[in-house]
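A.B. asks: Sharing final30.txt here; it has compact mmCIF, C-alpha atoms and all ligand atoms.
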```txt
# COMPACT_ATOMS: atom_id res chain seq x y z
CA MET B 1 90.50 39.52 133.49
CA VAL B 2 88.08 38.01 136.01
CA ILE B 3 86.97 34.47 135.25
CA PRO B 4 83.65 33.85 136.94
CA THR B 5 83.42 30.53 138.72
CA GLN B 6 80.05 29.85 137.16
CA PHE B 7 79.89 30.31 133.45
CA ASP B 8 76.16 30.69 133.74
CA ALA B 9 76.35 32.98 136.75
CA GLY B 10 75.78 36.65 136.87
CA GLY B 11 72.01 37.12 136.93
CA GLU B 12 72.24 39.85 139.55
CA PHE B 13 75.23 41.55 137.92
CA TYR B 14 73.62 41.34 134.53
CA ARG B 15 70.33 42.85 135.65
CA LYS B 16 72.26 45.85 136.98
CA ASN B 17 74.53 46.13 133.94
CA PRO B 18 72.58 44.88 130.97
CA PRO B 19 74.85 44.32 127.96
CA SER B 20 73.57 45.45 124.59
CA ALA B 21 72.31 42.32 122.95
CA PRO B 22 69.89 41.04 120.32
CA LYS B 23 66.39 41.93 121.55
CA GLU B 24 65.01 38.44 121.73
CA ALA B 25 67.97 37.21 123.71
CA VAL B 26 67.97 36.74 127.45
CA PHE B 27 71.50 36.84 128.78
CA ILE B 28 72.39 34.44 131.52
CA PHE B 29 76.04 35.19 131.21
CA ALA B 30 78.24 37.31 133.39
CA TYR B 31 79.15 40.44 131.48
CA PRO B 32 82.81 39.66 130.64
CA LEU B 33 81.71 36.48 128.95
CA ILE B 34 79.98 38.17 126.06
CA LEU B 35 83.12 39.85 124.84
CA GLY B 36 84.01 36.92 122.64
CA HIS B 37 80.60 37.04 121.00
CA MET B 38 80.42 36.48 117.23
CA GLY B 39 77.99 37.57 114.58
CA LYS B 40 75.18 35.37 113.38
CA ASN B 41 76.47 34.81 109.86
CA GLN B 42 79.71 33.32 110.99
CA PRO B 43 80.44 29.60 111.05
CA GLY B 44 79.15 27.65 113.99
CA TYR B 45 75.58 28.89 113.67
CA PHE B 46 72.56 26.73 113.04
CA GLY B 47 70.04 29.34 111.98
CA GLU B 48 69.97 31.81 114.85
CA PHE B 49 71.42 29.31 117.34
CA GLY B 50 74.98 28.32 118.21
CA GLY B 51 77.98 30.60 117.92
CA ARG B 52 80.77 31.29 120.35
CA TYR B 53 79.75 33.21 123.45
CA ALA B 54 82.81 32.40 125.47
CA PRO B 55 85.12 34.59 127.54
CA GLU B 56 87.99 36.24 125.74
CA ILE B 57 90.50 34.04 127.51
CA LEU B 58 89.08 31.02 125.65
CA THR B 59 88.95 32.63 122.23
CA GLU B 60 92.46 31.61 121.31
CA ALA B 61 91.93 28.02 122.43
CA LEU B 62 88.66 27.77 120.52
CA GLU B 63 90.21 29.24 117.40
CA GLU B 64 93.17 26.87 117.63
CA LEU B 65 90.80 23.95 118.05
CA GLU B 66 88.71 25.08 115.11
CA SER B 67 91.62 25.48 112.71
CA THR B 68 93.24 22.20 113.82
CA TYR B 69 89.95 20.41 113.43
CA GLN B 70 89.42 21.81 109.93
CA LYS B 71 92.79 20.33 108.96
CA LEU B 72 92.31 17.01 110.76
CA LYS B 73 88.90 16.52 109.18
CA LYS B 74 90.64 16.31 105.82
CA SER B 75 93.73 14.45 107.03
CA LYS B 76 93.95 10.84 105.80
CA LYS B 77 96.18 9.96 108.75
CA PHE B 78 93.65 11.24 111.29
CA LYS B 79 90.74 9.56 109.56
CA LYS B 80 92.60 6.28 109.39
CA GLU B 81 93.53 6.37 113.07
CA LEU B 82 90.00 7.27 114.11
CA GLU B 83 88.62 4.44 112.02
CA PHE B 84 91.15 2.05 113.50
CA TYR B 85 90.13 2.81 117.09
CA LEU B 86 86.42 2.83 116.29
CA GLN B 87 86.76 -0.62 114.80
CA ASN B 88 89.25 -2.24 117.15
CA TYR B 89 88.58 -0.53 120.46
CA VAL B 90 84.94 0.59 120.35
CA GLY B 91 83.76 -2.40 118.28
CA ARG B 92 82.18 -0.55 115.34
CA PRO B 93 80.18 -0.86 113.25
CA SER B 94 77.46 -1.47 115.82
CA PRO B 95 74.71 -3.80 114.54
CA LEU B 96 71.39 -2.61 113.17
CA SER B 97 69.05 -5.35 114.35
CA TYR B 98 65.45 -6.10 113.50
CA ALA B 99 63.45 -6.34 116.74
CA GLU B 100 60.89 -8.96 115.84
CA ARG B 101 59.34 -9.37 119.26
CA LEU B 102 58.95 -5.67 119.90
CA THR B 103 57.45 -5.22 116.42
CA LYS B 104 54.81 -7.87 117.14
CA HIS B 105 54.22 -6.58 120.66
CA TRP B 106 53.53 -3.04 119.51
CA GLY B 107 51.61 -4.19 116.46
CA GLY B 108 52.66 -1.36 114.16
CA ALA B 109 55.72 -0.45 112.12
CA ARG B 110 58.74 -2.78 111.87
CA ILE B 111 61.22 -1.84 114.62
CA TRP B 112 64.96 -1.68 114.05
CA LEU B 113 67.55 -1.04 116.74
CA LYS B 114 70.85 0.75 116.21
CA ARG B 115 72.85 -0.94 118.95
CA GLU B 116 75.09 1.74 120.47
CA ASP B 117 74.68 -0.15 123.76
CA LEU B 118 77.07 -2.76 122.39
CA ASN B 119 79.97 -0.30 122.13
CA HIS B 120 82.85 -0.58 124.58
CA THR B 121 81.72 1.18 127.82
CA GLY B 122 78.09 0.58 126.87
CA ALA B 123 76.95 3.76 125.11
CA HIS B 124 77.53 6.15 122.24
CA LYS B 125 79.69 8.50 124.34
CA ILE B 126 82.90 6.65 123.50
CA ASN B 127 82.57 7.66 119.81
CA ASN B 128 83.09 11.27 120.82
CA ALA B 129 85.60 10.67 123.62
CA ILE B 130 87.93 8.69 121.41
CA GLY B 131 87.70 11.17 118.55
CA GLN B 132 88.44 14.14 120.77
CA ALA B 133 91.27 12.33 122.57
CA LEU B 134 92.79 11.77 119.14
CA ILE B 135 92.37 15.46 118.32
CA ALA B 136 94.17 16.26 121.60
CA LYS B 137 96.93 13.85 120.67
CA PHE B 138 97.37 15.45 117.24
CA MET B 139 97.49 18.87 118.93
CA GLY B 140 100.27 17.66 121.23
CA LYS B 141 98.16 18.08 124.36
CA LYS B 142 98.91 15.58 127.09
CA ARG B 143 96.14 16.35 129.55
CA ILE B 144 92.41 15.87 128.97
CA ILE B 145 89.55 17.09 131.10
CA ALA B 146 85.81 16.47 130.98
CA GLU B 147 82.56 17.25 132.76
CA THR B 148 80.16 14.52 133.69
CA GLY B 149 76.67 14.21 135.14
CA ALA B 150 75.64 10.58 135.36
CA GLY B 151 79.28 9.66 134.98
CA GLN B 152 78.90 8.13 131.52
CA HIS B 153 80.94 10.76 129.71
CA GLY B 154 83.45 10.81 132.57
CA LEU B 155 83.76 7.06 132.21
CA ALA B 156 84.26 7.26 128.44
CA THR B 157 86.90 9.98 128.88
CA ALA B 158 88.69 8.11 131.68
CA THR B 159 88.68 5.03 129.45
CA VAL B 160 90.33 6.72 126.48
CA GLY B 161 92.64 8.59 128.86
CA ALA B 162 93.89 5.25 130.19
CA MET B 163 94.16 3.78 126.71
CA PHE B 164 96.19 6.72 125.34
CA GLY B 165 98.14 7.20 128.59
CA MET B 166 96.94 10.78 129.09
CA GLU B 167 96.51 12.61 132.38
CA THR B 168 92.74 12.79 132.87
CA VAL B 169 90.67 15.00 135.15
CA VAL B 170 86.90 14.66 135.43
CA TYR B 171 84.70 17.36 136.94
CA MET B 172 81.62 15.94 138.59
CA GLY B 173 78.99 17.58 140.79
CA ALA B 174 79.36 16.49 144.41
CA VAL B 175 75.72 15.37 144.39
CA ASP B 176 76.36 13.23 141.33
CA VAL B 177 79.49 11.69 142.86
CA GLN B 178 77.13 10.39 145.56
CA ARG B 179 74.25 9.47 143.23
CA GLN B 180 76.46 7.81 140.61
CA ASN B 181 78.99 6.26 142.92
CA LEU B 182 79.74 3.19 140.81
CA ASN B 183 80.73 5.33 137.81
CA ALA B 184 82.77 7.61 140.08
CA LYS B 185 84.63 4.56 141.40
CA LYS B 186 85.20 3.22 137.87
CA ILE B 187 86.57 6.58 136.72
CA GLU B 188 89.08 6.55 139.57
CA MET B 189 89.97 2.91 138.95
CA LEU B 190 90.83 3.84 135.37
CA GLY B 191 93.40 6.27 136.72
CA ALA B 192 91.53 9.54 136.23
CA LYS B 193 91.13 12.12 138.94
CA ILE B 194 87.63 13.24 139.96
CA LEU B 195 87.26 16.83 141.14
CA PRO B 196 83.88 17.14 142.88
CA VAL B 197 82.11 20.47 142.34
CA THR B 198 80.08 21.83 145.26
CA ALA B 199 78.81 25.11 143.77
CA GLY B 200 75.09 25.68 143.07
CA GLU B 201 73.10 22.50 142.60
CA ALA B 202 76.38 20.56 142.53
CA THR B 203 75.36 18.70 139.37
CA LEU B 204 76.17 18.70 135.64
CA LYS B 205 75.71 22.41 134.98
CA GLU B 206 78.20 23.39 137.66
CA ALA B 207 80.63 20.64 136.62
CA THR B 208 80.58 22.03 133.07
CA SER B 209 81.34 25.54 134.32
CA GLU B 210 84.30 24.27 136.34
CA ALA B 211 85.70 22.27 133.42
CA MET B 212 85.55 25.37 131.19
CA ARG B 213 87.34 27.34 133.88
CA ASP B 214 90.09 24.72 134.13
CA TRP B 215 90.49 24.77 130.35
CA ALA B 216 90.81 28.55 130.31
CA LEU B 217 93.64 28.33 132.84
CA ASN B 218 95.50 25.34 131.35
CA VAL B 219 94.83 25.64 127.67
CA SER B 220 98.45 25.18 126.55
CA THR B 221 98.62 21.63 127.92
CA THR B 222 94.99 20.63 128.06
CA HIS B 223 92.13 19.66 125.77
CA TYR B 224 88.58 19.87 127.11
CA ILE B 225 86.53 16.93 125.84
CA VAL B 226 82.99 18.32 125.86
CA GLY B 227 80.58 15.42 126.30
CA SER B 228 77.60 16.44 124.20
CA ALA B 229 76.76 18.55 121.16
CA ILE B 230 76.80 21.70 123.29
CA GLY B 231 79.23 24.49 124.20
CA PRO B 232 80.85 27.24 122.12
CA HIS B 233 81.76 26.71 118.45
CA PRO B 234 83.43 24.46 117.30
CA PHE B 235 82.30 21.91 119.94
CA PRO B 236 78.72 21.29 118.72
CA THR B 237 80.08 20.64 115.22
CA ILE B 238 82.98 18.43 116.34
CA VAL B 239 80.76 16.31 118.59
CA ARG B 240 78.13 16.09 115.82
CA ASP B 241 80.70 14.97 113.27
CA LEU B 242 82.18 12.36 115.61
CA GLN B 243 78.76 10.96 116.53
CA SER B 244 77.41 11.08 112.97
CA VAL B 245 78.99 7.66 112.45
CA ILE B 246 75.81 6.32 114.11
CA GLY B 247 73.44 7.60 111.43
CA LYS B 248 75.84 6.98 108.55
CA GLU B 249 76.14 3.33 109.53
CA ALA B 250 72.42 2.95 110.27
CA ARG B 251 71.46 4.48 106.93
CA SER B 252 73.72 2.26 104.88
CA GLN B 253 72.99 -0.88 106.95
CA PHE B 254 69.26 -0.37 106.50
CA LYS B 255 69.64 0.36 102.81
CA LYS B 256 71.74 -2.73 102.28
CA GLN B 257 69.19 -4.99 103.94
CA ASN B 258 66.02 -3.37 102.59
CA HIS B 259 67.02 -1.51 99.41
CA LYS B 260 65.25 1.62 100.63
CA LEU B 261 65.31 4.10 103.51
CA PRO B 262 63.30 3.82 106.74
CA HIS B 263 60.08 5.82 107.15
CA ALA B 264 61.12 7.23 110.49
CA ILE B 265 63.95 7.40 113.03
CA VAL B 266 63.93 8.31 116.70
CA ALA B 267 66.49 9.13 119.41
CA CYS B 268 66.51 10.59 122.91
CA VAL B 269 67.81 14.11 123.52
CA GLY B 270 69.79 15.28 126.53
CA GLY B 271 72.48 17.61 125.28
CA GLY B 272 71.68 15.97 121.98
CA SER B 273 74.80 14.07 120.86
CA ASN B 274 73.40 10.60 120.15
CA ALA B 275 70.35 12.21 118.54
CA ILE B 276 72.26 14.55 116.23
CA GLY B 277 74.65 11.67 115.46
CA MET B 278 71.69 9.53 114.45
CA PHE B 279 69.79 12.32 112.64
CA HIS B 280 72.54 13.97 110.65
CA ALA B 281 72.83 11.47 107.80
CA PHE B 282 69.03 11.58 107.35
CA LEU B 283 68.39 15.33 107.47
CA LYS B 284 68.42 15.64 103.69
CA ASP B 285 66.12 12.65 103.21
CA LYS B 286 62.96 14.73 103.34
CA HIS B 287 60.65 11.72 103.37
CA VAL B 288 62.31 10.23 106.46
CA ALA B 289 60.40 11.52 109.50
CA ILE B 290 62.65 12.34 112.47
CA TYR B 291 61.62 12.31 116.12
CA GLY B 292 63.41 13.34 119.29
CA ALA B 293 62.42 12.29 122.81
CA GLU B 294 63.10 14.72 125.62
CA ALA B 295 62.58 14.35 129.35
CA GLY B 296 59.13 15.45 130.51
CA GLY B 297 60.14 14.44 134.06
CA LEU B 298 57.41 14.71 136.67
CA GLY B 299 55.29 17.29 134.86
CA PRO B 300 55.14 20.66 133.12
CA LYS B 301 56.03 22.90 136.09
CA PRO B 302 59.43 24.62 136.02
CA GLY B 303 61.93 22.50 137.93
CA GLU B 304 60.04 19.27 137.24
CA HIS B 305 61.37 18.48 133.76
CA SER B 306 64.23 18.85 131.26
CA ALA B 307 62.02 19.51 128.23
CA THR B 308 64.15 22.27 126.76
CA LEU B 309 62.75 22.05 123.24
CA THR B 310 59.17 22.22 124.48
CA TYR B 311 59.45 24.82 127.24
CA GLY B 312 62.83 26.46 126.64
CA LYS B 313 63.41 30.08 125.66
CA THR B 314 66.34 31.52 123.76
CA GLY B 315 69.29 32.33 125.96
CA PHE B 316 72.99 31.67 126.48
CA LEU B 317 74.46 28.78 128.40
CA HIS B 318 77.97 27.34 128.43
CA GLY B 319 79.12 29.43 125.50
CA THR B 320 76.30 28.85 123.06
CA LYS B 321 73.01 30.47 122.07
CA THR B 322 70.27 27.91 122.41
CA LEU B 323 66.96 27.07 124.07
CA ILE B 324 67.19 27.03 127.83
CA ILE B 325 64.76 26.37 130.66
CA GLN B 326 64.65 29.69 132.48
CA ASP B 327 62.36 31.77 134.64
CA GLU B 328 60.86 35.18 133.87
CA ALA B 329 64.01 36.93 135.06
CA GLY B 330 66.18 34.83 132.75
CA GLN B 331 67.62 32.71 135.54
CA ILE B 332 68.20 29.05 134.74
CA VAL B 333 65.72 26.70 136.35
CA PRO B 334 67.28 23.44 137.59
CA ALA B 335 66.30 20.56 135.32
CA HIS B 336 64.85 17.25 136.41
CA SER B 337 64.69 13.82 134.84
CA VAL B 338 64.65 10.27 136.12
CA SER B 339 67.64 9.72 133.82
CA ALA B 340 70.70 11.71 134.84
CA GLY B 341 71.89 11.81 131.23
CA LEU B 342 68.89 13.89 130.12
CA ASP B 343 68.98 16.16 133.17
CA TYR B 344 70.36 19.35 131.57
CA PRO B 345 68.61 22.76 131.32
CA GLY B 346 70.04 23.48 127.84
CA VAL B 347 70.27 21.57 124.56
CA GLY B 348 72.65 21.50 121.60
CA PRO B 349 72.06 24.52 119.33
CA GLU B 350 71.51 22.38 116.24
CA HIS B 351 68.50 20.78 117.92
CA ALA B 352 67.11 24.22 118.78
CA PHE B 353 67.39 24.99 115.06
CA LEU B 354 65.85 21.67 113.96
CA ALA B 355 62.94 22.26 116.36
CA LYS B 356 62.35 25.83 115.12
CA SER B 357 62.58 24.77 111.47
CA LYS B 358 60.28 21.81 112.24
CA ARG B 359 62.54 19.27 110.51
CA VAL B 360 62.47 17.23 113.71
CA ASP B 361 59.41 16.56 115.88
CA TYR B 362 60.46 16.61 119.56
CA ARG B 363 58.13 14.95 122.02
CA MET B 364 58.12 14.75 125.79
CA VAL B 365 58.22 11.54 127.78
CA THR B 366 57.56 11.56 131.52
CA ASP B 367 59.63 9.70 134.13
CA GLU B 368 56.80 7.22 134.59
CA GLN B 369 56.43 6.54 130.86
CA ALA B 370 60.19 6.02 130.56
CA LEU B 371 60.12 3.58 133.45
CA ASP B 372 57.30 1.62 131.77
CA SER B 373 59.23 1.46 128.49
CA PHE B 374 62.40 0.42 130.32
CA LEU B 375 60.61 -2.61 131.76
CA GLU B 376 58.72 -3.37 128.55
CA VAL B 377 61.83 -3.44 126.33
CA THR B 378 63.72 -5.48 128.92
CA ARG B 379 61.00 -8.16 129.09
CA VAL B 380 60.01 -8.25 125.44
CA GLU B 381 63.34 -7.90 123.68
CA GLY B 382 65.84 -9.10 126.28
CA ILE B 383 67.74 -5.84 126.19
CA ILE B 384 68.03 -3.64 129.28
CA PRO B 385 68.15 -0.12 127.84
CA ALA B 386 69.49 2.96 129.61
CA LEU B 387 66.75 5.08 131.19
CA GLU B 388 67.70 7.82 128.70
CA THR B 389 67.09 5.42 125.83
CA ALA B 390 63.81 4.30 127.38
CA HIS B 391 62.49 7.79 126.52
CA ALA B 392 63.19 7.11 122.84
CA PHE B 393 61.41 3.75 123.09
CA HIS B 394 58.32 5.42 124.47
CA VAL B 395 58.09 7.86 121.58
CA ALA B 396 58.86 4.98 119.19
CA ARG B 397 55.89 2.99 120.44
CA ASP B 398 53.55 5.87 119.59
CA ILE B 399 55.18 6.42 116.19
CA ALA B 400 55.04 2.70 115.38
CA LYS B 401 51.27 2.83 115.91
CA GLU B 402 50.90 6.09 113.96
CA LEU B 403 52.88 4.67 111.03
CA GLY B 404 51.13 1.29 110.99
CA LYS B 405 52.29 -2.03 109.57
CA LYS B 406 54.80 -2.44 106.74
CA LYS B 407 56.56 0.78 107.63
CA ASP B 408 60.05 0.87 109.15
CA LEU B 409 61.25 2.71 112.22
CA ILE B 410 64.83 2.84 113.53
CA ILE B 411 65.47 3.56 117.20
CA CYS B 412 68.89 4.73 118.35
CA LEU B 413 69.59 2.47 121.32
CA SER B 414 72.02 4.96 122.85
CA GLY B 415 73.17 2.84 125.78
CA ARG B 416 72.64 -0.11 128.07
CA GLY B 417 70.83 0.12 131.37
CA ASP B 418 73.10 -1.75 133.78
CA LYS B 419 73.89 1.58 135.41
CA ASP B 420 70.18 2.20 136.05
CA VAL B 421 69.11 -1.09 137.63
CA THR B 422 69.50 0.14 141.22
CA GLU B 423 67.60 3.35 140.49
CA VAL B 424 64.80 1.47 138.73
CA LEU B 425 64.42 -0.91 141.68
CA ARG B 426 64.26 2.06 144.02
CA LEU B 427 61.57 3.73 141.89
CA LEU B 428 59.53 0.53 141.68
CA GLY B 429 59.79 0.15 145.45
CA GLU B 430 58.48 3.68 145.88
CA LYS B 431 55.61 3.05 143.48
CA ASN B 432 54.53 -0.08 145.31
CA LYS B 433 54.51 1.55 148.73
C1 LIG B 501 74.58 10.62 128.08
C2 LIG B 501 73.55 9.76 127.52
C3 LIG B 501 72.47 10.29 126.78
C4 LIG B 501 72.22 11.76 126.62
O1 LIG B 501 73.23 12.46 126.02
P1 LIG B 501 73.11 13.01 124.52
O2 LIG B 501 74.27 13.91 124.38
O3 LIG B 501 71.81 13.72 124.43
O4 LIG B 501 73.17 11.84 123.64
C5 LIG B 501 71.58 9.40 126.19
N1 LIG B 501 71.72 8.07 126.32
C6 LIG B 501 72.73 7.52 127.04
C7 LIG B 501 72.83 6.05 127.14
C8 LIG B 501 73.68 8.35 127.66
O5 LIG B 501 74.68 7.80 128.35
```
Would you mind writing the file out in structure tokens?
C.D. replies:
Amino acid sequence: MVIPTQFDAGGEFYRKNPPSAPKEAVFIFAYPLILGHMGKNQPGYFGEFGGRYAPEILTEALEELESTYQKLKKSKKFKKELEFYLQNYVGRPSPLSYAERLTKHWGGARIWLKREDLNHTGAHKINNAIGQALIAKFMGKKRIIAETGAGQHGLATATVGAMFGMETVVYMGAVDVQRQNLNAKKIEMLGAKILPVTAGEATLKEATSEAMRDWALNVSTTHYIVGSAIGPHPFPTIVRDLQSVIGKEARSQFKKQNHKLPHAIVACVGGGSNAIGMFHAFLKDKHVAIYGAEAGGLGPKPGEHSATLTYGKTGFLHGTKTLIIQDEAGQIVPAHSVSAGLDYPGVGPEHAFLAKSKRVDYRMVTDEQALDSFLEVTRVEGIIPALETAHAFHVARDIAKELGKKKDLIICLSGRGDKDVTEVLRLLGEKNK
């Protein structure tokens, strides 16, 4: 069977040979890729979104992963090991801190920060990387691979690869290897191999396609550590479960200190892993308002933003049915955001569902607004947030005002901004020209 280089390729081929598909769906997949397609009532769906739209050659690997994961989820030994590493290697639980200065500065609701930036490697991504590396270990797989955009997930994977002594390969767009050179260098220093991808835009989307292709070819020895709550079932569920430690901790920490639940929570959404991790424990708390912040980029024109939940249409990308930024012909439009971690034309299928069902209110934040919030939080609170996280802060400022005093708002501080300092200085220089 032919494995297309680009898992999202095939626009031309598809237009000439349209597969029979649900009417509302726009296929962005090459034809052979829909053979593994599952019905909507099967596990792995969030409403109409999700599922497993992967090539046949991956079906066995995905099924093996699913059944192993079902067992591991219940295994005391697995849970104990995961807990051990989260505590002793990642540094969990991360604090939930009251941000007094920011609260006063914004003049509205009380602001609480869930400090994922204090994790080892500086963001939430390690929660997932370590969990999936453990799954690989339990499956007897000695090689791990990953895709990375900004390099943060590559860094987290290279880190756990070094710690567990596993052969690690990271696929990274050639453009990103240049743009995110420090992370690329760190990944190599940790002993992982970077394979630069030059196809298409040479960024995250292409890196993801290449990683899936590698997995298809090496599945007997290799586990693919998907970096966000995206991809074919069971990945969105596994990543969600591994990141849901964020919200579980935040919920019980807040409850312990305040003897109630917060009025609202907010997180930024790229692929959606820190957000779904933060949201999941609160979904059933109907009176807790939930907000997501997505990248509005430079503006509303296609190609200028990564606001999938605002402008996306239903389609198929990287093995899942979700909202995607696409043109009239169903071709993916390259995404843009000032923060490389939000720069993805798709979004995790569970977020597509939560947007459609209106449980979560997703708002756009422009590059400029994110930059303002980045500087504001740095000066006022003494915390340099990641540019991704700065999007969440911007939405939080609006919500804090909407809620008013004596209400409580938790922000998921997904990561620290050391990696963004050079880029921020460059942007400020441009602004002051
Ligand atoms: C990668 C990244 C994100 C975006 O990824 P999600 O899967 O949407 O969480 C957000 N914040 C930081 C700090 C990141 O590194």
A.B. asks: Measuring between all atoms listed in the file, which one of B:Lys141, B:Lys77, B:His305, B:Lys356 shows the shortest distance to Thr322 in chain B?
C.D. replies: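 Comparing B:Lys141, B:Lys77, B:His305, B:Lys356 against Thr322 in chain B, the winner is B:Lys356.
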A.B. asks: Could you build a table of the residues in chain B lying no more than 6 Å from ligand LIG 501 (chain B), giving for each the nearest pair of atoms and their separation in Å rounded to one decimal place, using all atoms listed in the file, ordered by chain and ascending residue number, as a tab-separated table?
C.D. replies:
```
residue	atom	partner	partner_atom	distance
B:Ala123	CA	B:LIG501	C7	5.1
B:Gln152	CA	B:LIG501	O5	5.3
B:Ser228	CA	B:LIG501	O2	4.2
B:Val269	CA	B:LIG501	O3	4.1
B:Gly270	CA	B:LIG501	O3	3.3
B:Gly271	CA	B:LIG501	O3	4.0
B:Gly272	CA	B:LIG501	O3	3.3
B:Ser273	CA	B:LIG501	O2	3.6
B:Asn274	CA	B:LIG501	O4	3.7
B:Ala275	CA	B:LIG501	O4	5.8
B:Gly341	CA	B:LIG501	C1	4.3
B:Leu342	CA	B:LIG501	C4	5.3
B:Ala386	CA	B:LIG501	C7	5.2
B:Glu388	CA	B:LIG501	N1	4.7
B:Thr389	CA	B:LIG501	N1	5.4
B:Ser414	CA	B:LIG501	C7	4.5
B:Gly415	CA	B:LIG501	C7	3.5
```
A.B. asks: Compare B:Ala174, B:Val90, B:Ala61, B:Ile411 by their minimum atom-to-atom distance to Ile126 in chain B, counting only C-alpha atoms, and give me the closest one.
C.D. replies: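 The closest residue to Ile126 in chain B is B:Val90.
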A.B. asks: Is it possible to get the residues within 12 Å of (66.3, 25.4, 116.2) (coordinates as in the file, counting only C-alpha atoms) written as a JSON list (two decimals) with C-alpha atoms, in the frame of the given file?
C.D. replies:
```
[["chain", "number", "residue", "atom", "x", "y", "z"],
["B", 45, "TYR", "CA", 75.58, 28.89, 113.67],
["B", 46, "PHE", "CA", 72.56, 26.73, 113.04],
["B", 47, "GLY", "CA", 70.04, 29.34, 111.98],
["B", 48, "GLU", "CA", 69.97, 31.81, 114.85],
["B", 49, "PHE", "CA", 71.42, 29.31, 117.34],
["B", 50, "GLY", "CA", 74.98, 28.32, 118.21],
["B", 308, "THR", "CA", 64.15, 22.27, 126.76],
["B", 309, "LEU", "CA", 62.75, 22.05, 123.24],
["B", 310, "THR", "CA", 59.17, 22.22, 124.48],
["B", 312, "GLY", "CA", 62.83, 26.46, 126.64],
["B", 313, "LYS", "CA", 63.41, 30.08, 125.66],
["B", 314, "THR", "CA", 66.34, 31.52, 123.76],
["B", 321, "LYS", "CA", 73.01, 30.47, 122.07],
["B", 322, "THR", "CA", 70.27, 27.91, 122.41],
["B", 323, "LEU", "CA", 66.96, 27.07, 124.07],
["B", 324, "ILE", "CA", 67.19, 27.03, 127.83],
["B", 347, "VAL", "CA", 70.27, 21.57, 124.56],
["B", 348, "GLY", "CA", 72.65, 21.50, 121.60],
["B", 349, "PRO", "CA", 72.06, 24.52, 119.33],
["B", 350, "GLU", "CA", 71.51, 22.38, 116.24],
["B", 351, "HIS", "CA", 68.50, 20.78, 117.92],
["B", 352, "ALA", "CA", 67.11, 24.22, 118.78],
["B", 353, "PHE", "CA", 67.39, 24.99, 115.06],
["B", 354, "LEU", "CA", 65.85, 21.67, 113.96],
["B", 355, "ALA", "CA", 62.94, 22.26, 116.36],
["B", 356, "LYS", "CA", 62.35, 25.83, 115.12],
["B", 357, "SER", "CA", 62.58, 24.77, 111.47],
["B", 358, "LYS", "CA", 60.28, 21.81, 112.24],
["B", 359, "ARG", "CA", 62.54, 19.27, 110.51],
["B", 360, "VAL", "CA", 62.47, 17.23, 113.71],
["B", 361, "ASP", "CA", 59.41, 16.56, 115.88],
["B", 362, "TYR", "CA", 60.46, 16.61, 119.56]]
```
A.B. asks: With a distance cut-off of 7 Å and all atoms listed in the file, select the neighbouring residues of Glu304 in chain B, excluding the residue or stretch itself and same-chain residues fewer than 4 positions from it, and output the selection as number ranges by chain.
C.D. replies: B: 297-300, 335-336
A.B. asks: Please write out, as lines of an AutoDock Vina configuration file, where the centre of an axis-aligned box around all listed atoms of range 203-211 of chain B lies and how long its edges are, in Å to one decimal, after adding 6 Å on each side.
C.D. replies:
```
center_x = 80.5
center_y = 22.1
center_z = 136.2
size_x = 22.3
size_y = 18.8
size_z = 18.3
```
A.B. asks: Find, counting all atoms listed in the file, the residue in B:Gly165, B:Pro55, B:Gly231, B:Gly149 that gets nearest to Pro196 in chain B.
C.D. replies: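 That would be B:Gly149, the residue with the smallest distance to Pro196 in chain B.
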A.B. asks: I'd like the neighbourhood of Lys401 in chain B as a list in words, where a residue qualifies if any of its atoms comes within 8 Å (using all atoms listed in the file), though same-chain residues fewer than 6 positions away should be ignored.
C.D. replies: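 Listing them by chain and then by number gives Trp106, Gly107, Gly108 and Ala109 of chain B.
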